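Notes follow the structure.
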Amino acid sequence: MHLSGRLVFSLLPGIALLLAAMATTSPAAAGEPVTIRFGFANVGVDNRQFSGGNAIATAHAEHYIENELKDLPGVKVEFFFFKGAGPAVNEGFANGQLDFASQGDLPQVIARANGLKTRILAAGGAHGPMYLATPPESDIHTVKDLKGRKVAIFRGTNNHLAAVKVLAANGLTERDLQGINMDEPSANAALATHNIDAAFGNYGLLMLSDQGLAKIIYSTKGDNPAFERQSTLIAADSFVSAHPDLTQRVVTAVVKASYWSSQEENREALFEIWSRTGRPVSVYRADFADQPLKYRNTPLLDDYIIEQYRIQGVQAKDYGLIRRTVSIDGWFDAQFLNVALKQLGLEHYWTSYDANGKPQGGS
């Protein structure tokens, strides 16, 4: 199917508010039909209705959300996958067609700058790397070599700002390139047929490399953590306000999926689940190489994630990607996450990072 701040870690106030809300009779509890519309800023190969690479994708593929709601027959969930990625998800929210989404940081920042009212409820795809690929025989060997070349960047996505920051660190701007706005399938095809010189991206480029049709010449892995891409579970403010009980169940389901997806003994099984996208296991194996599953699949809205969003807002304006200053005050709503962590006994399972990316605790 298709449709074309600072965080306060004090549990008690949030739990009290949530329990008070849940104690009232909601439309869902009363049996009134409710459809939860859930979007993904991603779609599988050849339009397969799956996403991959984060625990929210696991929650969809393995029916965690539906199972969490199975005692509410009046509630159903519909999932939508967007070839247009984050910008298309923004359109869905703006048109009142989505209630929740798995989406990356820059499009969320752009939407907030334009007045879209949402809440970020949990991490769901934290610390994501980005890659730069060229044809196998290319004479481009470093980011600096991109000057004057035809380079694909999917504008408005969370790869976009990461690419801009990588360019800046190498003394370049988008204006130094022959930049071309391309989605993943288009960029993959153009790269494979040598119609472009390079492309910034993620899983699609790893697929091409796996097939011998491209080579990865740069990765943000091991580079400045500020170049990482962040994704989260985001929801329409109106839905959260109207259905705190259902919001809690969705977040709890995502935390359960995050826990399973963070266990190293599940690594290969996890990649098999994500391969339903049509991207082979080898691609996910390469993307997650040398990184603990806990690091990438944490649901925590820690100080590091929040600081990265603050920085994204500032830099998006500095680089001319948005016109208005974005405030993150009141955007991150951890009350549902905190309840889920407490109920599941997972308060100390994942490591929290401070604003500078230093570990604060956990296992």
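Convention: chains lettered A, B, ... in structure tokens order; per-chain residue numbering from 1; ligands numbered from 1 as shown.
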Who sits within 6 Å of stretch 224-233 of chain A, only C-alpha atoms, same chain under 6 positions skipped, as a ChimeraX atom specification = /A:101-105,121-129,162
As a PyMOL selection string, please: all residues of stretch 82-269 of chain A that backbone DSSP puts in alpha helix (DSSP H).
-> chain A and resi 85-94+105-113+158-169+184-192+203-210+237-242+244-261+267-269
Selected residue of minimal separation from A:Phe239 among A:Gly156, A:Val34, A:Leu106, A:Asn181, counting only C-alpha atoms =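 For A:Phe239, the nearest of the candidates is A:Val34.
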Straight-line distance linking atom CA of A:Gly201 with atom CA of A:Gly179, stated in Å to one decimal |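 Between these atoms lies a distance of 13.5 Å.
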Could you give me, as a PyMOL selection string, the residues within 12 Å of A:Val281, counting only C-alpha atoms and dropping anything in the same chain fewer than 2 positions from it?
-> chain A and resi 52-53+203+206-207+210+267-279+283-289
Each stretch 224-303 of chain A residue no farther than 10 Å from stretch 324-332 of chain A, nearest pair in Å, only C-alpha atoms, as a Markdown table:
| residue | atom | partner | partner_atom | distance |
| --- | --- | --- | --- | --- |
| A:Ile234 | CA | A:Phe332 | CA | 9.2 |
| A:Asp237 | CA | A:Trp331 | CA | 9.5 |
| A:Leu301 | CA | A:Phe332 | CA | 7.7 |
Can you spit out the residues from that selection as a PDB file, in the first residue's frame, using N, CA, C and O atoms?
ATOM      1  N   ILE A 234       8.965   8.202  15.455  1.00  0.00           N
ATOM      2  CA  ILE A 234       8.343   9.509  15.581  1.00  0.00           C
ATOM      3  C   ILE A 234       6.840   9.348  15.415  1.00  0.00           C
ATOM      4  O   ILE A 234       6.370   8.422  14.741  1.00  0.00           O
ATOM      5  N   ASP A 237       1.813  14.346  17.024  1.00  0.00           N
ATOM      6  CA  ASP A 237       1.447  14.830  18.350  1.00  0.00           C
ATOM      7  C   ASP A 237      -0.037  14.603  18.625  1.00  0.00           C
ATOM      8  O   ASP A 237      -0.421  14.239  19.743  1.00  0.00           O
ATOM      9  N   LEU A 301      16.802   7.332  24.163  1.00  0.00           N
ATOM     10  CA  LEU A 301      16.918   8.746  23.788  1.00  0.00           C
ATOM     11  C   LEU A 301      17.876   9.378  24.782  1.00  0.00           C
ATOM     12  O   LEU A 301      17.488  10.125  25.679  1.00  0.00           O
TER      13      LEU A 301
END
Residues flagged strand (DSSP E or B) by DSSP in stretch 138-195 of chain A, as a list in words =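 Taking stretch 138-195 of chain A and keeping strand (DSSP E or B) only, one gets Lys150, Val151, Ala152, Ile153, Gln178, Gly179, Ile180 and Asn181 of chain A.
Atom CA of A:Gln315 sits 26.8 Å away from atom CA of A:His141.
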In Å to one decimal, how far is atom CA of A:Val251 from atom CA of A:Asp303?
-> 19.3 Å
Spatial neighbours of A:Leu205, 8 Å, only C-alpha atoms, chain gap at least 6 places, as a list in words |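 Non-adjacent residues within range: Tyr131, Leu132, Ala133, Asn188, Ala199, Ala214 and Ile216 of chain A.
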Quick one: residues within 12 Å of A:His60, only C-alpha atoms counted, chain neighbours fewer than 2 positions away excluded, as a ChimeraX atom specification?
-> /A:38-40,49-58,62-68,77-81,101-102,250,253-254,256-258,273-274,276-277
Residue among A:Glu307, A:Trp350, A:Thr247, A:Thr142 lying closest to A:Tyr295, counting only C-alpha atoms =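 For A:Tyr295, the nearest of the given residues is A:Trp350.
Here the question is which of A:Asp46, A:Asp223, A:Asp99, A:Asp318 gets nearest to A:Lys83 using only C-alpha atoms, and that residue is A:Asp46.
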Point out the residue among A:Gln97, A:Ile120, A:Ile196, A:Asn338 with the least atom-to-atom distance to A:Gln178, counting only C-alpha atoms.
-> A:Ile196
